[in-house]
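Participant: Next up is a structure, given as C-alpha cells.
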Amino acid sequence: PSGNAGIIEQPEAGAMFQLYLSGAGSYDAAKDSERDLLVTDENGVVLSKDLPYGRYTVHQIEGQEGQAFVPDFTVFISSDEHLYSYILNNQTITSFIRVEKRDAETGKIIPAAGIGFQVRDLTSGELISQTVYYPAPVTISTFYTADDGTLMLPCELPYGRYELIEVTTCHGYVLDTAPVPFAVDGSEAVVTVTKSNMAQKGVIRIQKTGEVFSSVVNEGSIFRPVYENAGLPGAVFDIAAAEDIYTPDGTLRAKAGDIVDTVTTQSDGMAASKALYLGKYVITEKQAPHGMALQTEPHTVELVYAGQEVTVTELRADMYNERQRVEISLVKTMETDTLFGIGQRDELTHVTFGLYAAEKLVAADGSSIPQDGLIEMVSLNKDGKAMCKTDLPFGRFYLQEISTDSHYQLGDTKYPVSFDYAGQDKKLVKLIANEGAVIENKLIYGSVSGLKVDANDKPLSGAVMGLFAASETKFTKDTALLTAVSAEDGRFRFEKIPAGNWLVREIEQPKGFVLSEELFPVTVKEQGQVIEIKIANKLIRGSVTLTKYDAD
C-alpha cells in the first residue's frame with residue numbers, strides 16, 4: 001500500500017472465465033459438452049456444469065477494471081461426483097512513476113535537484129502520500145527531483161487516472177502549475193511523465209533622454225533659450241551578449257558578442273527589446289537622436305532570475321545624450337593712429353556686439369525668439385577676441401556691433417553664423433564670425449578748416465597754426481600734433497583728425513602782427529566732419545615822440 005492506494009481483498013462479481021478441454025486448443029474449438037462459460041456472482045462464486053473426464057483450461061476473459069487477470073491454469077477432472085474448488089486472487093495493476101523535468105523549447109532534461117511535484121488521484125481527489133516513521137513520523141506528499149532532474153516516486157501506483165502537479169521549479173525557469181494527466185493501465189511497468197517548463201526571459205527597456213529646446217524667457221530686451229530633459233526619439237541601439245549565455249538545460253543561447261536585438265526609441269524616448277534569455281548584455285548606441293552627440297560608452301546590464309512566478313522579467317536602462325553645442329567667436333582689431341596715440345590702449349574693451357536671431361526660433365512649448373531678437377551682449381577682451389556664452393539651439397544667427405570706442409566708427413555690418421546639426425560624432429561645433437576673418441574697426445576722422453585774418457578781416461598769410469591735445473598747456477611746434485601755415489588767402493587746414501577733443505592755437509604770427517594766444521577747442525564726432533574756425537590778428541601798434549634840436 002502507498003497512502004491512499006491501499007489494496008483491499010473483496011469478492012469480485014462479474015468475472016468471466018472460459019473453461020474448455022485443453023486438448024481442443026481453445027474455447028471455440030471445444031465441443032459444447034467439453035466447455036463452459038463461467039461468471040462469478042455477487043459473492044465472487046461460480047460453479048461449472050458437469051464435464052467429462054479430462055484436463056481442462058481455465059482462462060479469464062473479463063474482470064474488474066484495474067485488476068490483473070488470473071493466469072491460465074489447468075484442472076484435471078478424474079472422478080465422479082467430485083467438486084474441484086479454487087480460490088482465485090487477482091493482483092491490482094500497478095506501475096512505477098518516473099518524472100522528468102524538461103526544457104519546453106529544447107526538450108532537454110534540466111539537470112536540477114529540488115524541483116517539487118505532487119501527484120493527485122483523480123478518482124478520489126486525494127494527493128498520493130508516503131508516511132516515513134523515522135526519525136519521526138511524517139507524511140510526505142511533495143516529492144523532489146534528484147540532481148539529474150528526474151524523480152522516481154517511492155511507491156508504485158495502482159491502476160487509475162492521476163495528474164502531476166508542479167509545486168516548485170528550478171532556478172531560471174517559470175513555474176507551470178497546469179496539471180499533467182497520466183494513467184496507470186498496466187501497459188507499462190514504469191510510466192514516464194514529462195513536465196516541460198519555459199526558461200524565464202527578460203525584456204530590456206531603454207529610456208533615452210537629453211536636453212531639448214523647451215521654452216524662451218524674455219528678460220527685458222534679451223531673449224534666453226531654456227532647455228529641459230525629455231525623451232528622445234530615433235536613438236538606435238544594438239544589444240549584444242556580454243558573455244556566452246546558457247539556459248540551465250545546457251543550451252547555448254547566444255555567444256559573447258552576438259547581437260541579439262536592435263531597437264529604436266519611439267516618440268517618448270522608450271525602446272523595448274524582444275524577450276531575451278537571462279544573462280549579461282552590452283547596450284551600444286549606434287545612432288544618436290537628431291541634434292545629439294553619440295554616446296560612445298557601452299552600457300552593461302544583466303537580466304537576473306526574478307523568481308518562479310515571473311514569466312518575463314524587466315530591466316530598465318537609462319541612457320543620456322549630450323546635446324550638440326556651438327561655440328561662436330569673433331576676432332576684432334582696431335585701426336591705430338600712432339601720431340594721436342589711438343588704438344594702442346584699451347579701446348578694444350569698449351567694443352560690444354549683439355548676437356541676434358536671423359530667423360524665428362520656436363521652442364517645444366510654442367514660445368519663440370523673434371527674428372532679429374537680441375540673445376546676448378558680447379564683449380571683447382583686451383586681445384580683441386570674444387566668445388558667445390549663450391547655449392544656442394540650432395538655427396540662423398548674426399553678430400552686429402552695438403557699441404565701440406568713441407574714436408571709432410560703429411560698424412553696421414551683420415556677420416551671419418549658421419548652427420546646423422553636424423552629425424553625431426561632434427559634441428561641439430566651432431563657428432567664427434566673418435568666416436574667420438578679422439573684423440576691423442575704422443577710426444572716425446574729421447578736419448579743421450581755418451581762416452587767418454587781420455582786424456579788418458583781410459586774409460593773412462604766413463601764420464603758423466598748431467593742433468594740440470585738449471590737455472596740452474605748452475603751445476609750441478614741438479608739442480603740436482599737427483601744424484599748418486596760412487596761405488595767401490589766409491586759409492589753413494588740418495586733415496585726418498581723429499574723433500575727440502582738440503585745441504587749435506597760433507604758434508607764430510605774420511610779421512607786423514601780434515601773436516594770438518586765443519585757444520580754439522574743436523571736437524570731432526562724426527566721420528568726415530569739417531570744423532571751421534576763424535582767427536584774427538591785430539597789427540603791432542606803438543606811439544612816436546618827435547624832439548626838435550638845434551644844429552649846434
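Every chain in the C-alpha cells takes a letter, A first, then B, and so on in the order presented; its residues are numbered from 1, and the ligands are numbered from 1 following the presented order.
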Find the residues near region 435-448 of chain A: any atom within 7 Å, counting only C-alpha atoms, skip ones fewer than 3 places away on the same chain, and give them as a list in words.
Facilitator: Val331, Lys332, Thr333, Met334, Glu335, His407, Tyr408, Gln409, Ile432, Arg493, Phe494, Glu495, Lys496, Ile497, Pro498, Ala499, Val524, Glu526, Gln527, Gly528, Gln529, Val530, Ile531 and Glu532 of chain A
Participant: Only N, CA and C atoms, please: the residues just picked out, written as a compact mmCIF listing (two decimals), in the first residue's frame.
Facilitator:
# COMPACT_ATOMS: atom_id res chain seq x y z
N VAL A 331 37.00 87.76 -33.93
CA VAL A 331 38.26 88.43 -33.65
C VAL A 331 38.15 89.84 -34.21
N LYS A 332 38.51 90.81 -33.39
CA LYS A 332 38.33 92.22 -33.72
C LYS A 332 39.66 92.95 -33.61
N THR A 333 39.94 93.81 -34.56
CA THR A 333 41.11 94.69 -34.47
C THR A 333 40.64 96.13 -34.63
N MET A 334 41.47 97.04 -34.17
CA MET A 334 41.14 98.46 -34.25
C MET A 334 42.23 99.17 -35.05
N GLU A 335 41.81 100.01 -35.95
CA GLU A 335 42.77 100.84 -36.67
C GLU A 335 43.52 101.72 -35.65
N HIS A 407 36.41 106.83 -30.47
CA HIS A 407 37.27 107.26 -31.56
C HIS A 407 36.96 106.53 -32.87
N TYR A 408 36.05 105.55 -32.80
CA TYR A 408 35.89 104.66 -33.96
C TYR A 408 34.48 104.73 -34.53
N GLN A 409 34.44 104.38 -35.79
CA GLN A 409 33.15 104.28 -36.48
C GLN A 409 32.43 103.01 -36.02
N ILE A 432 33.20 80.79 -36.43
CA ILE A 432 33.85 82.09 -36.27
C ILE A 432 33.16 83.07 -37.20
N ARG A 493 44.56 124.34 -43.04
CA ARG A 493 43.70 123.16 -42.86
C ARG A 493 44.48 122.06 -42.13
N PHE A 494 43.77 121.42 -41.18
CA PHE A 494 44.28 120.21 -40.52
C PHE A 494 43.45 119.02 -41.01
N GLU A 495 44.08 118.06 -41.65
CA GLU A 495 43.39 116.89 -42.19
C GLU A 495 43.56 115.68 -41.26
N LYS A 496 42.58 114.75 -41.38
CA LYS A 496 42.66 113.45 -40.71
C LYS A 496 42.88 113.60 -39.20
N ILE A 497 41.95 114.29 -38.62
CA ILE A 497 41.97 114.46 -37.17
C ILE A 497 41.04 113.42 -36.56
N PRO A 498 41.53 112.55 -35.68
CA PRO A 498 40.66 111.52 -35.09
C PRO A 498 39.57 112.15 -34.22
N ALA A 499 38.54 111.35 -33.98
CA ALA A 499 37.46 111.80 -33.10
C ALA A 499 38.02 112.11 -31.73
N VAL A 524 35.75 116.51 -32.78
CA VAL A 524 35.38 115.68 -33.93
C VAL A 524 34.50 114.54 -33.42
N GLU A 526 31.99 112.93 -35.86
CA GLU A 526 31.46 112.14 -36.96
C GLU A 526 32.50 112.00 -38.05
N GLN A 527 32.38 110.90 -38.77
CA GLN A 527 33.27 110.65 -39.88
C GLN A 527 33.05 111.74 -40.94
N GLY A 528 34.20 112.35 -41.37
CA GLY A 528 34.14 113.37 -42.42
C GLY A 528 33.71 114.73 -41.95
N GLN A 529 33.57 114.87 -40.66
CA GLN A 529 33.13 116.16 -40.12
C GLN A 529 34.19 117.24 -40.41
N VAL A 530 33.76 118.46 -40.82
CA VAL A 530 34.65 119.59 -41.08
C VAL A 530 34.29 120.71 -40.11
N ILE A 531 35.27 121.12 -39.34
CA ILE A 531 35.07 122.18 -38.36
C ILE A 531 35.77 123.44 -38.86
N GLU A 532 35.06 124.50 -38.90
CA GLU A 532 35.61 125.77 -39.41
C GLU A 532 35.85 126.73 -38.26
Participant: Counting only C-alpha atoms, which residues of region 242-293 of chain A fall within 12 Å of region 382-394 of chain A, and what is the closest atom pair for each with its distance in Å at one decimal, ordered by chain and rising number, as CSV?
Facilitator:
residue,atom,partner,partner_atom,distance
A:His290,CA,A:Phe394,CA,10.9
A:Gly291,CA,A:Phe394,CA,8.1
A:Met292,CA,A:Phe394,CA,11.2
Participant: Those selected residues, please, written with C-alpha atoms and delivered as a compact mmCIF listing (two decimals), in the first residue's frame.
Facilitator:
# COMPACT_ATOMS: atom_id res chain seq x y z
CA HIS A 290 18.91 64.15 -34.18
CA GLY A 291 20.77 67.04 -32.61
CA MET A 292 22.63 64.86 -30.11
Participant: Could you give me, as number ranges by chain, each residue of region 219-370 of chain A that DSSP assigns to helix (DSSP H, G or I) when run on this structure's backbone?
Facilitator: A: 347-350
Participant: Can you tell me, as a PyMOL selection string, what residues are no more than 12 Å from region 64-70 of chain A when counting only C-alpha atoms, ignoring any on the same chain fewer than 6 positions away?
Facilitator: chain A and resi 7-18+40+44+58+86-95+157-161+183-187
Participant: Using only C-alpha atoms, pick whichever of A:Asn218, A:Ser267, A:Gln308, A:Gln287 has the shortest atom-to-atom distance to Pro233 (chain A).
Facilitator: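 Nearest to Pro233 (chain A): A:Ser267.
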Participant: Taking only C-alpha atoms into account, which of A:Ser449, A:Thr296, A:Thr479, A:Gln344 comes nearest Val522 (chain A)?
Facilitator: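 Ranked by minimum distance to Val522 (chain A), first place goes to A:Ser449.
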Participant: For Val362 (chain A), work out the shell of residues within 10 Å, counting only C-alpha atoms and skipping chain neighbours fewer than 3 positions away, then give it as a list in words.
Facilitator: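 Everything that qualifies: Phe213, Ser214, Ser215, Val216, Pro225, Glu359, Asp365, Gly366, Ser367, Ser368, Ile369, Pro370, Pro393 and Gly395 of chain A.
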Participant: Print the selection's residues with N, CA and C atoms to a file, as an mmCIF file, in the first residue's frame.
Facilitator:
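Below is the file that was written, part-v2.cif:
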data_model
loop_
_atom_site.group_PDB
_atom_site.id
_atom_site.type_symbol
_atom_site.label_atom_id
_atom_site.label_comp_id
_atom_site.auth_asym_id
_atom_site.auth_seq_id
_atom_site.Cartn_x
_atom_site.Cartn_y
_atom_site.Cartn_z
ATOM 1 N N PHE A 213 15.224 72.068 -26.595
ATOM 2 C CA PHE A 213 14.882 73.492 -26.560
ATOM 3 C C PHE A 213 13.413 73.584 -26.178
ATOM 4 N N SER A 214 13.159 73.858 -24.894
ATOM 5 C CA SER A 214 11.803 73.716 -24.369
ATOM 6 C C SER A 214 11.015 75.017 -24.338
ATOM 7 N N SER A 215 11.684 76.145 -24.060
ATOM 8 C CA SER A 215 10.947 77.395 -23.917
ATOM 9 C C SER A 215 11.891 78.576 -24.093
ATOM 10 N N VAL A 216 11.285 79.778 -24.073
ATOM 11 C CA VAL A 216 12.046 81.022 -24.212
ATOM 12 C C VAL A 216 11.638 81.950 -23.081
ATOM 13 N N PRO A 225 17.121 81.231 -24.466
ATOM 14 C CA PRO A 225 16.594 79.879 -24.671
ATOM 15 C C PRO A 225 16.730 79.046 -23.402
ATOM 16 N N GLU A 359 16.359 84.353 -37.734
ATOM 17 C CA GLU A 359 15.076 83.776 -38.094
ATOM 18 C C GLU A 359 14.310 83.513 -36.807
ATOM 19 N N ASP A 365 7.436 74.420 -26.377
ATOM 20 C CA ASP A 365 6.157 74.858 -25.814
ATOM 21 C C ASP A 365 5.468 75.938 -26.642
ATOM 22 N N GLY A 366 6.028 76.267 -27.801
ATOM 23 C CA GLY A 366 5.422 77.258 -28.677
ATOM 24 C C GLY A 366 5.974 78.653 -28.505
ATOM 25 N N SER A 367 6.666 78.932 -27.403
ATOM 26 C CA SER A 367 7.290 80.241 -27.252
ATOM 27 C C SER A 367 8.453 80.349 -28.237
ATOM 28 N N SER A 368 8.885 81.581 -28.525
ATOM 29 C CA SER A 368 9.877 81.722 -29.579
ATOM 30 C C SER A 368 10.771 82.933 -29.364
ATOM 31 N N ILE A 369 11.909 82.892 -30.016
ATOM 32 C CA ILE A 369 12.791 84.043 -30.149
ATOM 33 C C ILE A 369 12.460 84.665 -31.498
ATOM 34 N N PRO A 370 12.012 85.924 -31.541
ATOM 35 C CA PRO A 370 11.606 86.505 -32.832
ATOM 36 C C PRO A 370 12.809 86.770 -33.717
ATOM 37 N N PRO A 393 20.217 76.987 -29.535
ATOM 38 C CA PRO A 393 19.614 75.891 -30.292
ATOM 39 C C PRO A 393 20.067 75.970 -31.749
ATOM 40 N N GLY A 395 19.918 76.865 -35.545
ATOM 41 C CA GLY A 395 19.240 77.964 -36.211
ATOM 42 C C GLY A 395 20.218 78.907 -36.868
#
Participant: Could you give me, as a PyMOL selection string, the residues within 6 Å of region 100-105 of chain A, counting only C-alpha atoms and dropping anything in the same chain fewer than 4 positions from it?
Facilitator: chain A and resi 109-110+149-150+194-198
Participant: If you keep C-alpha atoms, can you produce a file of those selected residues as a CSV table (one decimal), in the first residue's frame?
Facilitator:
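Result went into again-v9.csv, see below:
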chain,number,residue,atom,x,y,z
A,109,ILE,CA,16.2,17.3,-19.4
A,110,ILE,CA,17.1,20.0,-17.0
A,149,GLY,CA,16.3,16.5,-13.0
A,150,THR,CA,14.3,13.2,-12.6
A,194,THR,CA,7.2,14.7,-18.6
A,195,LYS,CA,6.9,18.2,-17.2
A,196,SER,CA,8.2,20.9,-19.5
A,197,ASN,CA,8.9,24.5,-18.4
A,198,MET,CA,9.8,27.7,-20.3
Participant: Take CA of Gln207 (chain A) and CA of Gly423 (chain A) and report the distance between them in Å, one decimal.
Facilitator: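 Rounded to one decimal, the two atoms are 21.5 Å apart.
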Participant: Which value, in Å to one decimal, gives the distance between CA of Asp318 (chain A) and CA of Lys286 (chain A)?
Facilitator: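 According to the coordinates, CA of Asp318 (chain A) and CA of Lys286 (chain A) are separated by 15.9 Å.
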Participant: Could you pull out the residues in region 107-194 of chain A that DSSP calls strand (DSSP E) from the backbone, as a PyMOL selection string?
Facilitator: chain A and resi 116-121+130-132+138-140+143-144+150-152+157-158+160-168+180-184+190-194
Participant: Using only C-alpha atoms, which residues sit within 10 Å of Ser141 (chain A) once same-chain residues fewer than 6 positions away are excluded, as a PyMOL selection string?
Facilitator: chain A and resi 3+116-120+127-131
Participant: Of the candidates A:Gly373, A:Pro111, A:Gly202, A:Pro135, which shows the shortest atom-to-atom distance to Glu219 (chain A), using only C-alpha atoms?
Facilitator: A:Gly373
